[in-house]
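data_16.pdb (PDB, C-alpha atoms, pLDDT in the B column) appears below.
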ATOM      1  CA  MET A   8     -47.459   4.869 -13.329  1.00 96.00           C
ATOM      2  CA  ARG A   9     -44.268   3.803 -11.654  1.00 98.00           C
ATOM      3  CA  TYR A  10     -43.191   0.321 -12.679  1.00 98.00           C
ATOM      4  CA  ALA A  11     -40.530  -2.164 -11.665  1.00 98.00           C
ATOM      5  CA  ILE A  12     -39.624  -5.414 -13.387  1.00 98.00           C
ATOM      6  CA  LEU A  13     -38.567  -8.671 -11.736  1.00 98.00           C
ATOM      7  CA  LEU A  14     -36.647 -10.752 -14.279  1.00 98.00           C
ATOM      8  CA  MET A  15     -35.869 -14.399 -13.487  1.00 98.00           C
ATOM      9  CA  GLY A  16     -35.219 -15.951 -16.914  1.00 98.00           C
ATOM     10  CA  SER A  17     -31.781 -16.677 -18.328  1.00 98.00           C
ATOM     11  CA  PRO A  18     -30.910 -14.566 -21.399  1.00 97.00           C
ATOM     12  CA  TYR A  19     -31.068 -16.451 -24.729  1.00 96.00           C
ATOM     13  CA  SER A  20     -32.277 -19.649 -22.999  1.00 96.00           C
ATOM     14  CA  ASP A  21     -35.782 -18.336 -22.358  1.00 95.00           C
ATOM     15  CA  GLN A  22     -38.080 -15.750 -23.837  1.00 97.00           C
ATOM     16  CA  ALA A  23     -38.381 -13.919 -20.512  1.00 98.00           C
ATOM     17  CA  SER A  24     -35.486 -11.477 -20.964  1.00 98.00           C
ATOM     18  CA  HIS A  25     -36.520 -10.501 -24.500  1.00 98.00           C
ATOM     19  CA  SER A  26     -40.115  -9.979 -23.383  1.00 98.00           C
ATOM     20  CA  ALA A  27     -39.056  -7.960 -20.339  1.00 98.00           C
ATOM     21  CA  LEU A  28     -36.885  -5.648 -22.426  1.00 98.00           C
ATOM     22  CA  ARG A  29     -39.664  -5.098 -24.958  1.00 98.00           C
ATOM     23  CA  PHE A  30     -42.170  -4.500 -22.159  1.00 98.00           C
ATOM     24  CA  ALA A  31     -39.794  -1.945 -20.632  1.00 98.00           C
ATOM     25  CA  ARG A  32     -39.536  -0.102 -23.958  1.00 98.00           C
ATOM     26  CA  ALA A  33     -43.296  -0.212 -24.468  1.00 98.00           C
ATOM     27  CA  LEU A  34     -44.178   1.242 -21.092  1.00 98.00           C
ATOM     28  CA  LEU A  35     -41.612   4.021 -21.414  1.00 98.00           C
ATOM     29  CA  ALA A  36     -43.033   4.841 -24.857  1.00 97.00           C
ATOM     30  CA  ARG A  37     -46.444   5.199 -23.202  1.00 97.00           C
ATOM     31  CA  GLY A  38     -45.069   7.773 -20.767  1.00 97.00           C
ATOM     32  CA  HIS A  39     -44.763   5.540 -17.694  1.00 98.00           C
ATOM     33  CA  ARG A  40     -41.726   5.496 -15.463  1.00 98.00           C
ATOM     34  CA  LEU A  41     -39.587   2.395 -14.949  1.00 98.00           C
ATOM     35  CA  GLU A  42     -37.812   2.627 -11.610  1.00 98.00           C
ATOM     36  CA  ALA A  43     -35.708  -0.503 -11.803  1.00 98.00           C
ATOM     37  CA  VAL A  44     -35.172  -3.961 -13.197  1.00 98.00           C
ATOM     38  CA  PHE A  45     -34.385  -6.505 -10.482  1.00 98.00           C
ATOM     39  CA  PHE A  46     -32.463  -9.547 -11.736  1.00 98.00           C
ATOM     40  CA  TYR A  47     -33.054 -12.733  -9.728  1.00 98.00           C
ATOM     41  CA  HIS A  48     -32.704 -16.506 -10.169  1.00 98.00           C
ATOM     42  CA  ASP A  49     -31.187 -17.174 -13.641  1.00 98.00           C
ATOM     43  CA  GLY A  50     -32.089 -13.622 -14.639  1.00 98.00           C
ATOM     44  CA  VAL A  51     -28.803 -12.527 -13.065  1.00 98.00           C
ATOM     45  CA  TYR A  52     -26.992 -13.794 -16.189  1.00 98.00           C
ATOM     46  CA  ASN A  53     -28.355 -10.725 -17.979  1.00 98.00           C
ATOM     47  CA  ALA A  54     -25.689  -8.780 -16.096  1.00 98.00           C
ATOM     48  CA  ALA A  55     -22.787 -10.807 -17.514  1.00 98.00           C
ATOM     49  CA  ARG A  56     -20.221  -8.287 -18.719  1.00 96.00           C
ATOM     50  CA  LEU A  57     -18.675 -10.806 -21.118  1.00 96.00           C
ATOM     51  CA  SER A  58     -21.830 -11.847 -22.971  1.00 96.00           C
ATOM     52  CA  ALA A  59     -21.158 -11.829 -26.708  1.00 96.00           C
ATOM     53  CA  PRO A  60     -24.204 -12.879 -28.738  1.00 96.00           C
ATOM     54  CA  PRO A  61     -23.985 -13.146 -32.549  1.00 96.00           C
ATOM     55  CA  GLN A  62     -24.255  -9.738 -34.198  1.00 95.00           C
ATOM     56  CA  ASP A  63     -27.555 -10.537 -35.859  1.00 96.00           C
ATOM     57  CA  GLU A  64     -29.256 -11.215 -32.509  1.00 94.00           C
ATOM     58  CA  PRO A  65     -30.483  -8.669 -29.970  1.00 94.00           C
ATOM     59  CA  HIS A  66     -27.789  -7.783 -27.444  1.00 96.00           C
ATOM     60  CA  LEU A  67     -29.723  -8.011 -24.199  1.00 97.00           C
ATOM     61  CA  ALA A  68     -27.023  -6.700 -21.854  1.00 97.00           C
ATOM     62  CA  ASP A  69     -26.536  -3.642 -24.076  1.00 97.00           C
ATOM     63  CA  GLY A  70     -30.312  -3.226 -24.105  1.00 98.00           C
ATOM     64  CA  TRP A  71     -30.433  -2.978 -20.325  1.00 98.00           C
ATOM     65  CA  VAL A  72     -27.510  -0.565 -20.244  1.00 98.00           C
ATOM     66  CA  ALA A  73     -29.258   1.636 -22.820  1.00 98.00           C
ATOM     67  CA  LEU A  74     -32.354   1.758 -20.601  1.00 98.00           C
ATOM     68  CA  HIS A  75     -30.187   2.949 -17.751  1.00 98.00           C
ATOM     69  CA  GLU A  76     -28.377   5.568 -19.810  1.00 98.00           C
ATOM     70  CA  GLU A  77     -31.484   6.946 -21.511  1.00 98.00           C
ATOM     71  CA  GLN A  78     -34.024   6.760 -18.692  1.00 97.00           C
ATOM     72  CA  GLY A  79     -32.046   6.278 -15.493  1.00 97.00           C
ATOM     73  CA  VAL A  80     -33.493   2.811 -14.914  1.00 98.00           C
ATOM     74  CA  ALA A  81     -31.660   1.146 -12.013  1.00 98.00           C
ATOM     75  CA  LEU A  82     -30.259  -2.303 -12.853  1.00 98.00           C
ATOM     76  CA  GLN A  83     -30.251  -4.234  -9.588  1.00 98.00           C
ATOM     77  CA  VAL A  84     -28.781  -7.728  -9.393  1.00 98.00           C
ATOM     78  CA  CYS A  85     -29.404  -9.998  -6.403  1.00 98.00           C
ATOM     79  CA  ILE A  86     -25.959 -10.555  -4.935  1.00 98.00           C
ATOM     80  CA  ALA A  87     -26.711 -13.973  -3.416  1.00 97.00           C
ATOM     81  CA  ALA A  88     -28.117 -15.316  -6.685  1.00 98.00           C
ATOM     82  CA  ALA A  89     -25.230 -13.730  -8.642  1.00 98.00           C
ATOM     83  CA  LEU A  90     -22.263 -14.939  -6.587  1.00 98.00           C
ATOM     84  CA  ARG A  91     -23.419 -18.564  -6.757  1.00 96.00           C
ATOM     85  CA  ARG A  92     -23.519 -18.293 -10.535  1.00 97.00           C
ATOM     86  CA  GLY A  93     -20.102 -16.689 -10.977  1.00 98.00           C
ATOM     87  CA  LEU A  94     -21.329 -13.138 -11.431  1.00 98.00           C
ATOM     88  CA  MET A  95     -19.460 -10.541  -9.395  1.00 98.00           C
ATOM     89  CA  ASP A  96     -18.150  -7.011  -9.651  1.00 98.00           C
ATOM     90  CA  GLU A  97     -14.559  -5.944  -8.988  1.00 98.00           C
ATOM     91  CA  ARG A  98     -15.137  -5.516  -5.285  1.00 98.00           C
ATOM     92  CA  GLU A  99     -16.641  -8.957  -4.780  1.00 98.00           C
ATOM     93  CA  ALA A 100     -13.989 -10.520  -7.029  1.00 98.00           C
ATOM     94  CA  ALA A 101     -11.284  -9.062  -4.791  1.00 98.00           C
ATOM     95  CA  ARG A 102     -13.122 -10.228  -1.692  1.00 98.00           C
ATOM     96  CA  HIS A 103     -13.378 -13.774  -3.030  1.00 97.00           C
ATOM     97  CA  GLY A 104      -9.842 -13.853  -4.459  1.00 98.00           C
ATOM     98  CA  LYS A 105     -10.968 -14.104  -8.094  1.00 97.00           C
ATOM     99  CA  ALA A 106      -8.728 -12.958 -10.967  1.00 96.00           C
ATOM    100  CA  GLY A 107     -11.462 -11.271 -13.023  1.00 96.00           C
ATOM    101  CA  HIS A 108     -14.881  -9.733 -12.619  1.00 98.00           C
ATOM    102  CA  SER A 109     -18.043 -10.408 -14.587  1.00 98.00           C
ATOM    103  CA  VAL A 110     -20.392  -7.579 -13.571  1.00 98.00           C
ATOM    104  CA  GLU A 111     -19.812  -3.863 -13.977  1.00 98.00           C
ATOM    105  CA  ALA A 112     -21.774  -0.627 -13.685  1.00 98.00           C
ATOM    106  CA  PRO A 113     -24.481   0.335 -14.370  1.00 98.00           C
ATOM    107  CA  PHE A 114     -25.469  -3.111 -13.060  1.00 98.00           C
ATOM    108  CA  GLU A 115     -25.260  -3.041  -9.274  1.00 98.00           C
ATOM    109  CA  LEU A 116     -25.107  -5.970  -6.876  1.00 98.00           C
ATOM    110  CA  THR A 117     -27.701  -5.576  -4.181  1.00 98.00           C
ATOM    111  CA  GLY A 118     -29.921  -7.573  -1.851  1.00 98.00           C
ATOM    112  CA  VAL A 119     -33.436  -8.972  -2.040  1.00 98.00           C
ATOM    113  CA  GLY A 120     -34.453  -6.149   0.294  1.00 98.00           C
ATOM    114  CA  GLN A 121     -34.287  -3.881  -2.750  1.00 98.00           C
ATOM    115  CA  LEU A 122     -36.898  -6.059  -4.462  1.00 98.00           C
ATOM    116  CA  VAL A 123     -39.182  -5.765  -1.459  1.00 97.00           C
ATOM    117  CA  ASP A 124     -38.633  -2.010  -1.434  1.00 97.00           C
ATOM    118  CA  LEU A 125     -39.470  -1.754  -5.152  1.00 97.00           C
ATOM    119  CA  SER A 126     -42.655  -3.742  -4.658  1.00 96.00           C
ATOM    120  CA  GLN A 127     -43.703  -1.300  -1.959  1.00 95.00           C
ATOM    121  CA  ARG A 128     -42.956   1.999  -3.664  1.00 96.00           C
ATOM    122  CA  CYS A 129     -43.911   1.185  -7.270  1.00 97.00           C
ATOM    123  CA  ASP A 130     -47.471   1.031  -8.560  1.00 97.00           C
ATOM    124  CA  ARG A 131     -46.741  -2.175 -10.459  1.00 97.00           C
ATOM    125  CA  LEU A 132     -44.124  -4.902 -10.134  1.00 98.00           C
ATOM    126  CA  VAL A 133     -44.233  -7.183 -13.166  1.00 98.00           C
ATOM    127  CA  THR A 134     -42.498 -10.584 -13.166  1.00 98.00           C
ATOM    128  CA  PHE A 135     -40.912 -12.203 -16.212  1.00 98.00           C
ATOM    129  CA  GLY A 136     -39.778 -15.793 -15.741  1.00 96.00           C
ATOM    130  CA  PRO A 137     -39.231 -18.957 -17.771  1.00 94.00           C
TER     131      PRO A 137
ATOM    132  CA  MET B  14     -64.810 -20.556   0.268  1.00 46.00           C
ATOM    133  CA  SER B  15     -63.172 -18.440   2.963  1.00 45.00           C
ATOM    134  CA  ASP B  16     -64.179 -18.604   6.569  1.00 50.00           C
ATOM    135  CA  GLU B  17     -64.703 -15.449   8.590  1.00 48.00           C
ATOM    136  CA  HIS B  18     -62.120 -16.327  11.210  1.00 50.00           C
ATOM    137  CA  GLU B  19     -59.222 -16.533   8.825  1.00 68.00           C
ATOM    138  CA  PRO B  20     -59.440 -14.004   6.017  1.00 79.00           C
ATOM    139  CA  LEU B  21     -57.435 -14.805   2.906  1.00 90.00           C
ATOM    140  CA  ALA B  22     -55.740 -11.411   2.956  1.00 88.00           C
ATOM    141  CA  GLY B  23     -52.236 -10.046   3.579  1.00 89.00           C
ATOM    142  CA  ASP B  24     -49.620  -7.658   2.166  1.00 94.00           C
ATOM    143  CA  LEU B  25     -47.620 -10.054   0.026  1.00 97.00           C
ATOM    144  CA  LEU B  26     -48.560 -13.485  -1.293  1.00 98.00           C
ATOM    145  CA  VAL B  27     -45.592 -15.676  -2.203  1.00 98.00           C
ATOM    146  CA  ILE B  28     -46.609 -18.670  -4.338  1.00 98.00           C
ATOM    147  CA  LEU B  29     -44.184 -21.595  -4.391  1.00 98.00           C
ATOM    148  CA  ARG B  30     -44.698 -24.056  -7.220  1.00 98.00           C
ATOM    149  CA  HIS B  31     -41.474 -26.056  -7.313  1.00 97.00           C
ATOM    150  CA  ALA B  32     -40.309 -29.151  -5.424  1.00 94.00           C
ATOM    151  CA  PRO B  33     -37.463 -28.664  -2.938  1.00 92.00           C
ATOM    152  CA  HIS B  34     -34.510 -30.537  -4.438  1.00 87.00           C
ATOM    153  CA  GLY B  35     -34.614 -30.323  -8.219  1.00 87.00           C
ATOM    154  CA  SER B  36     -34.025 -26.603  -8.668  1.00 92.00           C
ATOM    155  CA  SER B  37     -33.252 -23.451  -6.729  1.00 93.00           C
ATOM    156  CA  TRP B  38     -36.752 -22.006  -7.212  1.00 96.00           C
ATOM    157  CA  LEU B  39     -38.111 -23.000  -3.817  1.00 96.00           C
ATOM    158  CA  ARG B  40     -35.049 -21.787  -1.917  1.00 95.00           C
ATOM    159  CA  GLU B  41     -34.924 -18.483  -3.779  1.00 96.00           C
ATOM    160  CA  GLY B  42     -38.664 -17.976  -3.357  1.00 97.00           C
ATOM    161  CA  LEU B  43     -38.444 -18.621   0.380  1.00 97.00           C
ATOM    162  CA  ASP B  44     -35.531 -16.176   0.608  1.00 97.00           C
ATOM    163  CA  VAL B  45     -37.765 -13.436  -0.784  1.00 98.00           C
ATOM    164  CA  ALA B  46     -40.516 -14.327   1.712  1.00 98.00           C
ATOM    165  CA  LEU B  47     -38.090 -14.182   4.645  1.00 97.00           C
ATOM    166  CA  VAL B  48     -36.555 -10.869   3.593  1.00 97.00           C
ATOM    167  CA  ALA B  49     -39.989  -9.330   3.030  1.00 97.00           C
ATOM    168  CA  ALA B  50     -41.083 -10.488   6.481  1.00 97.00           C
ATOM    169  CA  ALA B  51     -37.898  -9.081   8.007  1.00 97.00           C
ATOM    170  CA  PHE B  52     -38.883  -5.748   6.419  1.00 95.00           C
ATOM    171  CA  GLY B  53     -42.180  -5.853   8.267  1.00 95.00           C
ATOM    172  CA  THR B  54     -44.344  -7.130   5.407  1.00 96.00           C
ATOM    173  CA  GLU B  55     -47.254  -9.407   6.282  1.00 96.00           C
ATOM    174  CA  VAL B  56     -46.392 -12.440   4.156  1.00 97.00           C
ATOM    175  CA  SER B  57     -48.684 -15.306   3.164  1.00 98.00           C
ATOM    176  CA  LEU B  58     -47.202 -18.457   1.674  1.00 98.00           C
ATOM    177  CA  LEU B  59     -49.088 -20.651  -0.773  1.00 98.00           C
ATOM    178  CA  PHE B  60     -47.615 -23.979  -1.859  1.00 98.00           C
ATOM    179  CA  MET B  61     -49.018 -25.085  -5.210  1.00 98.00           C
ATOM    180  CA  GLY B  62     -48.349 -28.013  -7.536  1.00 98.00           C
ATOM    181  CA  GLU B  63     -45.058 -29.754  -6.787  1.00 97.00           C
ATOM    182  CA  GLY B  64     -44.422 -27.056  -4.203  1.00 98.00           C
ATOM    183  CA  VAL B  65     -46.618 -28.946  -1.710  1.00 98.00           C
ATOM    184  CA  THR B  66     -43.903 -31.598  -1.435  1.00 97.00           C
ATOM    185  CA  ALA B  67     -41.718 -29.041   0.342  1.00 96.00           C
ATOM    186  CA  LEU B  68     -43.831 -29.657   3.430  1.00 97.00           C
ATOM    187  CA  VAL B  69     -43.385 -33.433   3.590  1.00 96.00           C
ATOM    188  CA  GLU B  70     -41.904 -34.276   7.002  1.00 93.00           C
ATOM    189  CA  ASP B  71     -38.384 -35.490   7.765  1.00 89.00           C
ATOM    190  CA  GLN B  72     -36.566 -34.151   4.713  1.00 87.00           C
ATOM    191  CA  THR B  73     -32.786 -33.990   4.782  1.00 83.00           C
ATOM    192  CA  ALA B  74     -30.208 -32.326   2.565  1.00 80.00           C
ATOM    193  CA  GLY B  75     -30.327 -35.121   0.003  1.00 73.00           C
ATOM    194  CA  ALA B  76     -27.775 -36.590  -2.372  1.00 74.00           C
ATOM    195  CA  LEU B  77     -26.944 -33.315  -4.123  1.00 76.00           C
ATOM    196  CA  GLY B  78     -25.352 -31.887  -1.002  1.00 78.00           C
ATOM    197  CA  GLN B  79     -27.469 -28.748  -1.086  1.00 78.00           C
ATOM    198  CA  LYS B  80     -28.835 -27.387   2.139  1.00 80.00           C
ATOM    199  CA  GLY B  81     -32.431 -28.359   1.515  1.00 84.00           C
ATOM    200  CA  THR B  82     -35.338 -26.139   2.453  1.00 90.00           C
ATOM    201  CA  ALA B  83     -36.750 -27.850   5.551  1.00 91.00           C
ATOM    202  CA  PRO B  84     -34.510 -25.856   7.955  1.00 91.00           C
ATOM    203  CA  THR B  85     -35.646 -22.633   6.253  1.00 93.00           C
ATOM    204  CA  LEU B  86     -39.289 -23.649   6.584  1.00 95.00           C
ATOM    205  CA  GLU B  87     -38.773 -24.264  10.284  1.00 93.00           C
ATOM    206  CA  MET B  88     -37.623 -20.635  10.617  1.00 94.00           C
ATOM    207  CA  LEU B  89     -40.816 -19.170   9.153  1.00 96.00           C
ATOM    208  CA  GLU B  90     -42.488 -18.764  12.517  1.00 94.00           C
ATOM    209  CA  MET B  91     -39.471 -16.848  13.824  1.00 95.00           C
ATOM    210  CA  TYR B  92     -40.059 -14.392  10.987  1.00 96.00           C
ATOM    211  CA  ASP B  93     -43.750 -14.129  11.889  1.00 95.00           C
ATOM    212  CA  ILE B  94     -44.821 -15.918   8.719  1.00 96.00           C
ATOM    213  CA  GLU B  95     -47.786 -17.832  10.073  1.00 94.00           C
ATOM    214  CA  THR B  96     -50.146 -17.917   7.108  1.00 96.00           C
ATOM    215  CA  LEU B  97     -49.372 -21.131   5.267  1.00 97.00           C
ATOM    216  CA  TRP B  98     -51.660 -22.514   2.577  1.00 98.00           C
ATOM    217  CA  VAL B  99     -51.446 -25.548   0.315  1.00 98.00           C
ATOM    218  CA  GLU B 100     -53.341 -26.261  -2.862  1.00 98.00           C
ATOM    219  CA  ALA B 101     -55.930 -28.938  -2.042  1.00 98.00           C
ATOM    220  CA  GLU B 102     -55.956 -30.327  -5.587  1.00 98.00           C
ATOM    221  CA  ALA B 103     -52.167 -30.810  -5.525  1.00 98.00           C
ATOM    222  CA  LEU B 104     -52.384 -32.654  -2.208  1.00 98.00           C
ATOM    223  CA  SER B 105     -54.786 -35.197  -3.645  1.00 97.00           C
ATOM    224  CA  ARG B 106     -52.692 -35.511  -6.812  1.00 97.00           C
ATOM    225  CA  PHE B 107     -49.614 -36.388  -4.742  1.00 97.00           C
ATOM    226  CA  GLY B 108     -51.570 -38.567  -2.293  1.00 97.00           C
ATOM    227  CA  LEU B 109     -50.820 -36.254   0.643  1.00 97.00           C
ATOM    228  CA  ASP B 110     -52.969 -35.098   3.504  1.00 94.00           C
ATOM    229  CA  ALA B 111     -52.633 -31.629   5.035  1.00 92.00           C
ATOM    230  CA  ASP B 112     -52.518 -33.236   8.491  1.00 92.00           C
ATOM    231  CA  GLU B 113     -49.330 -35.153   7.708  1.00 93.00           C
ATOM    232  CA  LEU B 114     -47.387 -32.127   6.484  1.00 96.00           C
ATOM    233  CA  MET B 115     -45.010 -30.055   8.598  1.00 96.00           C
ATOM    234  CA  LEU B 116     -46.156 -26.635   9.917  1.00 95.00           C
ATOM    235  CA  ALA B 117     -49.875 -27.509   9.749  1.00 94.00           C
ATOM    236  CA  PRO B 118     -50.832 -25.647   6.563  1.00 96.00           C
ATOM    237  CA  ARG B 119     -54.452 -24.989   5.609  1.00 96.00           C
ATOM    238  CA  ALA B 120     -55.643 -26.596   2.368  1.00 97.00           C
ATOM    239  CA  LEU B 121     -57.339 -24.239  -0.092  1.00 97.00           C
ATOM    240  CA  GLU B 122     -59.654 -25.191  -2.933  1.00 97.00           C
ATOM    241  CA  ALA B 123     -59.315 -23.426  -6.288  1.00 97.00           C
ATOM    242  CA  GLY B 124     -61.946 -20.783  -5.471  1.00 97.00           C
ATOM    243  CA  ALA B 125     -60.223 -19.827  -2.228  1.00 97.00           C
ATOM    244  CA  ILE B 126     -56.879 -19.587  -4.023  1.00 97.00           C
ATOM    245  CA  ALA B 127     -58.406 -17.147  -6.491  1.00 97.00           C
ATOM    246  CA  GLU B 128     -59.750 -15.127  -3.580  1.00 97.00           C
ATOM    247  CA  ALA B 129     -56.357 -15.110  -1.845  1.00 97.00           C
ATOM    248  CA  VAL B 130     -54.646 -13.841  -5.001  1.00 97.00           C
ATOM    249  CA  ARG B 131     -57.284 -11.146  -5.355  1.00 97.00           C
ATOM    250  CA  LYS B 132     -56.951  -9.989  -1.747  1.00 96.00           C
ATOM    251  CA  HIS B 133     -53.180  -9.509  -1.772  1.00 97.00           C
ATOM    252  CA  PRO B 134     -51.939  -6.268  -3.342  1.00 96.00           C
ATOM    253  CA  ARG B 135     -48.653  -7.970  -4.219  1.00 96.00           C
ATOM    254  CA  VAL B 136     -48.134 -11.506  -5.521  1.00 97.00           C
ATOM    255  CA  LEU B 137     -44.794 -13.123  -6.378  1.00 98.00           C
ATOM    256  CA  THR B 138     -44.642 -16.567  -7.970  1.00 97.00           C
ATOM    257  CA  PHE B 139     -41.619 -18.870  -7.845  1.00 97.00           C
TER     258      PHE B 139
END
Encoding of this model in structure tokens:
Amino acid sequence: MRYAILLMGSPYSDQASHSALRFARALLARGHRLEAVFFYHDGVYNAARLSAPPQDEPHLADGWVALHEEQGVALQVCIAAALRRGLMDEREAARHGKAGHSVEAPFELTGVGQLVDLSQRCDRLVTFGP
Amino acid sequence: MSDEHEPLAGDLLVILRHAPHGSSWLREGLDVALVAAAFGTEVSLLFMGEGVTALVEDQTAGALGQKGTAPTLEMLEMYDIETLWVEAEALSRFGLDADELMLAPRALEAGAIAEAVRKHPRVLTF
């Protein structure tokens, strides 16, 4: 089946991100396809380029990137939810006159329309939230 | 629980369970409903738990200086979102009556809510 994940929990604050990543791994291991992870609400913090968890804890951002590199999973971040929370790529940083950027590829800033599109073309959209 | 004139079906059911001013959940949930409707999806909205307080009349931006959600709710009709439900049990818990809420929502008992969830192929909860 074709899956998509909607992730709305903040990394390390809630279980949601850990569970979503493990669910993603489990469904790929069972031969399903994961089209995309859509990061919304506090889930957008998963895309923070500068996250630096202790070495003996799972690195969630690296986990998402690995999913993209190994399986081509799209990592879509809601731009409206991200900008409010200080998460932006180089282009948005330039547009808003900010000195640095906090999101980089393979995470992509996109709109809620992408979430609606995923819900229409995937067999299952599974939500993980706090 | 359902009546024949108003089936509890639709394309996408958006369930809103948070009060308007304490968090961004309600606003971000409504944003998804509006975008889905703009994409041509037939959206049903169900206010549950504290979410029913979103429909209390005469709300303003409030002390936090955020926009509030009442103006967004008033735009629902423009987006062709006309199916509005509230959880009957939550109304009685908060001492509210469906008649005194904005946008004239229909109150659903627990059995009808279960039916509505079952009859929508897609459900998003905020």
Q. If you apply the PyMOL selection byres ((chain A) within 8 of (chain B)) to this file, what residues do you get, as a list of chain:residue names?
A. A:His48, A:Val119, A:Gly120, A:Val123, A:Ser126, A:Thr134
Q: For B:Leu97, please output as a list of chain:residue names all residues within 7 Å (counting all atoms listed in the file; exclusion window: fewer than 4 positions along the same chain).
A: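 These residues fall inside the cut-off: B:Ser57, B:Leu58, B:Leu59, B:Pro118, B:Arg119.
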(Q) One decimal, in Å: what's the spacing between atom CA of B:Ala83 and atom CA of A:Val133? (A)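 Result for atom CA of B:Ala83 versus atom CA of A:Val133: 28.9 Å, one decimal.
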**Q.** Answer key for the PyMOL selection byres ((chain A and resi 83-91) around 8), residues as a list in words
**A.** Ala43, Val44, Phe45, Phe46, Tyr47, His48, Asp49, Val51, Tyr52, Ala54, Ala81, Leu82, Arg92, Gly93, Leu94, Met95, Phe114, Glu115, Leu116, Thr117, Gly118, Val119 and Gln121 of chain A
Q | Nearest-residue call for B:Ser105, choices B:Arg40, B:Pro84, B:Val65, B:Ala76, using all atoms listed in the file | A |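 Closest to B:Ser105, using all atoms listed in the file: B:Val65.
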Q. Suppose you want the space between atom CA of B:Pro20 and atom CA of B:Ile94; what is it in Å?
A.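 Those two atoms sit 15.0 Å apart.
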Q) Within 10 Å of (-37.0, -12.7, -20.7), in the coordinates the file gives, what residues turn up when you count only C-alpha atoms, written out as a PyMOL selection string? A) chain A and resi 13-30+50+53+67+134-137
Near B:Ala103, within 6 Å and counting only C-alpha atoms, which residues show up once chain neighbours fewer than 3 positions away are dropped, as a PDB file with C-alpha atoms, in the frame of the given file?
ATOM      1  CA  GLY B  62     -48.349 -28.013  -7.536  1.00 98.00           C
ATOM      2  CA  GLU B 100     -53.341 -26.261  -2.862  1.00 98.00           C
ATOM      3  CA  ARG B 106     -52.692 -35.511  -6.812  1.00 97.00           C
TER       4      ARG B 106
END
Could stretch 124-135 of chain B be completed with N, CA, C and O atoms and returned as a compact mmCIF listing (two decimals), in the frame of the given file?
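Output file result.txt follows:
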# COMPACT_ATOMS: atom_id res chain seq x y z
N GLY B 124 -61.24 -22.05 -5.65
CA GLY B 124 -61.95 -20.78 -5.47
C GLY B 124 -61.31 -19.92 -4.40
O GLY B 124 -61.21 -18.70 -4.54
N ALA B 125 -60.87 -20.57 -3.32
CA ALA B 125 -60.22 -19.83 -2.23
C ALA B 125 -58.86 -19.30 -2.66
O ALA B 125 -58.44 -18.21 -2.25
N ILE B 126 -58.17 -20.05 -3.51
CA ILE B 126 -56.88 -19.59 -4.02
C ILE B 126 -57.08 -18.32 -4.85
O ILE B 126 -56.34 -17.34 -4.72
N ALA B 127 -58.11 -18.34 -5.68
CA ALA B 127 -58.41 -17.15 -6.49
C ALA B 127 -58.69 -15.96 -5.59
O ALA B 127 -58.23 -14.83 -5.84
N GLU B 128 -59.42 -16.21 -4.51
CA GLU B 128 -59.75 -15.13 -3.58
C GLU B 128 -58.49 -14.60 -2.89
O GLU B 128 -58.31 -13.39 -2.73
N ALA B 129 -57.60 -15.51 -2.51
CA ALA B 129 -56.36 -15.11 -1.84
C ALA B 129 -55.51 -14.24 -2.78
O ALA B 129 -54.97 -13.21 -2.37
N VAL B 130 -55.42 -14.63 -4.03
CA VAL B 130 -54.65 -13.84 -5.00
C VAL B 130 -55.27 -12.45 -5.14
O VAL B 130 -54.57 -11.44 -5.19
N ARG B 131 -56.58 -12.43 -5.17
CA ARG B 131 -57.28 -11.15 -5.36
C ARG B 131 -57.09 -10.23 -4.15
O ARG B 131 -57.02 -9.02 -4.28
N LYS B 132 -56.99 -10.81 -2.96
CA LYS B 132 -56.95 -9.99 -1.75
C LYS B 132 -55.56 -9.55 -1.33
O LYS B 132 -55.40 -8.86 -0.32
N HIS B 133 -54.53 -9.98 -2.07
CA HIS B 133 -53.18 -9.51 -1.77
C HIS B 133 -52.77 -8.47 -2.80
O HIS B 133 -52.81 -8.76 -4.00
N PRO B 134 -52.36 -7.28 -2.37
CA PRO B 134 -51.94 -6.27 -3.34
C PRO B 134 -50.70 -6.68 -4.13
O PRO B 134 -50.47 -6.21 -5.24
N ARG B 135 -49.88 -7.54 -3.53
CA ARG B 135 -48.65 -7.97 -4.22
C ARG B 135 -48.59 -9.49 -4.22
O ARG B 135 -48.80 -10.13 -3.19
